[in-house]
$ cat entry_32.txt   # compact mmCIF, C-alpha atoms
# COMPACT_ATOMS: atom_id res chain seq x y z
CA MET A 118 102.96 -31.46 -57.14
CA ASP A 119 104.67 -30.74 -60.43
CA GLU A 120 103.09 -28.90 -63.35
CA VAL A 121 102.29 -32.06 -65.33
CA MET A 122 100.44 -33.59 -62.38
CA ILE A 123 98.45 -30.36 -61.90
CA MET A 124 97.43 -30.38 -65.56
CA LEU A 125 96.45 -34.06 -65.34
CA TYR A 126 94.44 -33.44 -62.16
CA ASN A 127 92.64 -30.48 -63.77
CA GLU A 128 91.79 -32.61 -66.80
CA LEU A 129 90.44 -35.42 -64.62
CA TYR A 130 88.52 -33.03 -62.33
CA ASN A 131 86.82 -31.46 -65.33
CA ASP A 132 85.69 -35.00 -66.27
CA GLY A 133 83.68 -35.25 -63.04
CA LEU A 134 86.26 -36.54 -60.60
CA PRO A 135 84.92 -36.14 -57.03
CA LEU A 136 86.97 -33.57 -55.12
CA GLY A 137 87.90 -35.77 -52.12
CA PHE A 138 89.00 -38.64 -54.34
CA GLY A 139 90.84 -36.28 -56.68
CA MET A 140 92.79 -34.60 -53.89
CA VAL A 141 94.00 -37.92 -52.47
CA LEU A 142 94.65 -39.30 -55.95
CA ALA A 143 96.72 -36.21 -56.83
CA SER A 144 98.95 -36.89 -53.82
CA ASN A 145 99.76 -40.43 -54.99
CA VAL A 146 101.71 -40.33 -58.26
CA VAL A 147 101.55 -44.09 -58.84
CA ALA A 148 97.77 -44.17 -58.38
CA MET A 149 97.32 -41.03 -60.50
CA ASN A 150 99.30 -42.56 -63.35
CA ARG A 151 97.35 -45.82 -63.06
CA PHE A 152 94.07 -43.88 -63.07
CA SER A 153 95.07 -41.84 -66.11
CA ASN A 154 95.61 -45.07 -68.06
CA LEU A 155 92.10 -46.39 -67.36
CA SER A 156 89.35 -46.33 -69.95
CA GLN A 157 86.35 -44.08 -69.30
CA ARG A 158 84.31 -47.10 -68.19
CA GLU A 159 87.04 -48.21 -65.78
CA ARG A 160 87.31 -44.67 -64.37
CA GLU A 161 83.57 -44.57 -63.78
CA GLU A 162 83.71 -47.98 -62.07
CA LEU A 163 86.49 -46.84 -59.76
CA ILE A 164 84.77 -43.54 -58.96
CA ALA A 165 81.54 -45.40 -58.15
CA ARG A 166 83.47 -47.45 -55.60
CA THR A 167 84.51 -44.25 -53.78
CA HIS A 168 80.94 -43.15 -53.01
CA GLY A 169 80.72 -45.29 -49.87
CA ILE A 170 83.97 -44.00 -48.40
CA LYS A 171 83.30 -41.92 -45.30
CA SER A 172 86.69 -40.65 -44.08
CA HIS A 173 89.89 -39.14 -45.40
CA GLU A 174 91.91 -42.03 -43.96
CA GLU A 175 89.66 -44.57 -45.68
CA MET A 176 90.08 -42.68 -48.98
CA GLN A 177 93.86 -42.63 -48.55
CA ASN A 178 93.85 -46.38 -47.98
CA PHE A 179 91.60 -46.94 -51.00
CA VAL A 180 93.85 -44.88 -53.28
CA ALA A 181 97.01 -46.52 -51.91
CA GLU A 182 95.56 -49.98 -52.60
CA PHE A 183 94.51 -48.91 -56.09
CA GLY A 184 98.05 -47.64 -56.72
CA LYS A 185 99.53 -50.95 -55.56
CA ASN A 186 97.26 -53.46 -57.25
CA GLY A 187 94.57 -51.75 -59.31
CA LEU A 188 91.75 -53.11 -57.11
CA GLY A 189 90.68 -55.47 -59.87
CA ILE A 190 90.01 -52.60 -62.29
CA MET A 191 93.02 -53.12 -64.54
$ encode --input "entry_32.txt" --output "C-alpha cells"
Amino acid sequence: MDEVMIMLYNELYNDGLPLGFGMVLASNVVAMNRFSNLSQREREELIARTHGIKSHEEMQNFVAEFGKNGLGIM
C-alpha cells in the first residue's frame, strides 16, 4: 500500500470506519477511491450495510462489488 493510501485509510479509520471493513477496503484501490468520494451520509449507509457480514470472504466480495458498481450508493 502506498503512502497516500495509508494516509487515506488513517483518515477514514479515524472517522469510525470498522476495522474489518477498512482492512479489506484498503486492499482494493478502486473501492477505496470510490469510498473516499462518498458523502458522509453515503459512507454511513455503506458502513451500516457491513454490520451483517460474518466472514472475511463475504467482506471481500462486498467490497469488490462496491468497487465495481457502487452497490446503489453512488
$ closest_residue --input "entry_32.txt" --among "A:Gly189, A:Ser153, A:Glu159, A:Gly137" --to "His173 in chain A" --atoms "only C-alpha atoms"
A:Gly137
$ residues_around --input "entry_32.txt" --residues "Asn186 in chain A" --least-positions-apart "5" --cutoff "12 Å" --atoms "only C-alpha atoms" --output "VMD selection string"
chain A and resid 147 to 148 151 to 152 179 to 181 191
$ closest_residue --input "entry_32.txt" --among "A:Val141, A:Leu155, A:Leu134, A:Glu120" --to "Glu174 in chain A" --atoms "only C-alpha atoms"
A:Val141
$ closest_residue --input "entry_32.txt" --among "A:Asn145, A:Ile190, A:Phe138, A:Asn154" --to "Ser172 in chain A" --atoms "all atoms listed in the file"
A:Phe138
$ atom_distance --input "entry_32.txt" --atom1 "CA of Gly184 in chain A" --atom2 "CA of Gly133 in chain A"
20.0 Å
$ atom_distance --input "entry_32.txt" --atom1 "CA of Phe183 in chain A" --atom2 "CA of Met140 in chain A"
14.6 Å
$ atom_distance --input "entry_32.txt" --atom1 "CA of Leu163 in chain A" --atom2 "CA of Ala143 in chain A"
15.0 Å
$ closest_residue --input "entry_32.txt" --among "A:Leu188, A:Val146, A:Arg158, A:Gly139" --to "Met176 in chain A" --atoms "only C-alpha atoms"
A:Gly139
$ closest_residue --input "entry_32.txt" --among "A:Gly187, A:Gln177, A:Glu182, A:Leu142" --to "Glu162 in chain A" --atoms "only C-alpha atoms"
A:Gly187
$ build_atoms --input "entry_32.txt" --residues "range 155-173 of chain A" --atoms "N, CA and C atoms" --output "PDB file, keeping the file's coordinate frame"
ATOM      1  N   LEU A 155      93.352 -45.653 -67.310  1.00  0.00           N
ATOM      2  CA  LEU A 155      92.100 -46.390 -67.360  1.00  0.00           C
ATOM      3  C   LEU A 155      91.219 -45.885 -68.500  1.00  0.00           C
ATOM      4  N   SER A 156      90.361 -46.763 -68.986  1.00  0.00           N
ATOM      5  CA  SER A 156      89.350 -46.330 -69.950  1.00  0.00           C
ATOM      6  C   SER A 156      88.282 -45.535 -69.204  1.00  0.00           C
ATOM      7  N   GLN A 157      87.426 -44.858 -69.926  1.00  0.00           N
ATOM      8  CA  GLN A 157      86.350 -44.080 -69.300  1.00  0.00           C
ATOM      9  C   GLN A 157      85.467 -44.990 -68.447  1.00  0.00           C
ATOM     10  N   ARG A 158      85.138 -46.159 -68.940  1.00  0.00           N
ATOM     11  CA  ARG A 158      84.310 -47.100 -68.190  1.00  0.00           C
ATOM     12  C   ARG A 158      84.985 -47.534 -66.901  1.00  0.00           C
ATOM     13  N   GLU A 159      86.290 -47.814 -66.970  1.00  0.00           N
ATOM     14  CA  GLU A 159      87.040 -48.210 -65.780  1.00  0.00           C
ATOM     15  C   GLU A 159      87.124 -47.065 -64.767  1.00  0.00           C
ATOM     16  N   ARG A 160      87.289 -45.843 -65.263  1.00  0.00           N
ATOM     17  CA  ARG A 160      87.310 -44.670 -64.370  1.00  0.00           C
ATOM     18  C   ARG A 160      85.981 -44.541 -63.641  1.00  0.00           C
ATOM     19  N   GLU A 161      84.897 -44.680 -64.383  1.00  0.00           N
ATOM     20  CA  GLU A 161      83.570 -44.570 -63.780  1.00  0.00           C
ATOM     21  C   GLU A 161      83.356 -45.659 -62.743  1.00  0.00           C
ATOM     22  N   GLU A 162      83.826 -46.871 -63.017  1.00  0.00           N
ATOM     23  CA  GLU A 162      83.710 -47.980 -62.070  1.00  0.00           C
ATOM     24  C   GLU A 162      84.473 -47.669 -60.787  1.00  0.00           C
ATOM     25  N   LEU A 163      85.684 -47.165 -60.935  1.00  0.00           N
ATOM     26  CA  LEU A 163      86.490 -46.840 -59.760  1.00  0.00           C
ATOM     27  C   LEU A 163      85.859 -45.706 -58.955  1.00  0.00           C
ATOM     28  N   ILE A 164      85.411 -44.675 -59.630  1.00  0.00           N
ATOM     29  CA  ILE A 164      84.770 -43.540 -58.960  1.00  0.00           C
ATOM     30  C   ILE A 164      83.526 -44.008 -58.210  1.00  0.00           C
ATOM     31  N   ALA A 165      82.744 -44.881 -58.814  1.00  0.00           N
ATOM     32  CA  ALA A 165      81.540 -45.400 -58.150  1.00  0.00           C
ATOM     33  C   ALA A 165      81.899 -46.098 -56.849  1.00  0.00           C
ATOM     34  N   ARG A 166      83.040 -46.744 -56.808  1.00  0.00           N
ATOM     35  CA  ARG A 166      83.470 -47.450 -55.600  1.00  0.00           C
ATOM     36  C   ARG A 166      83.878 -46.484 -54.482  1.00  0.00           C
ATOM     37  N   THR A 167      84.107 -45.225 -54.801  1.00  0.00           N
ATOM     38  CA  THR A 167      84.510 -44.250 -53.780  1.00  0.00           C
ATOM     39  C   THR A 167      83.314 -43.657 -53.042  1.00  0.00           C
ATOM     40  N   HIS A 168      82.111 -43.827 -53.578  1.00  0.00           N
ATOM     41  CA  HIS A 168      80.940 -43.150 -53.010  1.00  0.00           C
ATOM     42  C   HIS A 168      80.611 -43.606 -51.585  1.00  0.00           C
ATOM     43  N   GLY A 169      80.995 -44.806 -51.212  1.00  0.00           N
ATOM     44  CA  GLY A 169      80.720 -45.290 -49.870  1.00  0.00           C
ATOM     45  C   GLY A 169      81.805 -44.972 -48.854  1.00  0.00           C
ATOM     46  N   ILE A 170      82.855 -44.314 -49.293  1.00  0.00           N
ATOM     47  CA  ILE A 170      83.970 -44.000 -48.400  1.00  0.00           C
ATOM     48  C   ILE A 170      83.604 -42.787 -47.554  1.00  0.00           C
ATOM     49  N   LYS A 171      83.788 -42.935 -46.235  1.00  0.00           N
ATOM     50  CA  LYS A 171      83.300 -41.920 -45.300  1.00  0.00           C
ATOM     51  C   LYS A 171      84.385 -41.059 -44.652  1.00  0.00           C
ATOM     52  N   SER A 172      85.653 -41.431 -44.761  1.00  0.00           N
ATOM     53  CA  SER A 172      86.690 -40.650 -44.080  1.00  0.00           C
ATOM     54  C   SER A 172      87.889 -40.439 -44.997  1.00  0.00           C
ATOM     55  N   HIS A 173      88.676 -39.431 -44.642  1.00  0.00           N
ATOM     56  CA  HIS A 173      89.890 -39.140 -45.400  1.00  0.00           C
ATOM     57  C   HIS A 173      90.867 -40.313 -45.316  1.00  0.00           C
TER      58      HIS A 173
END
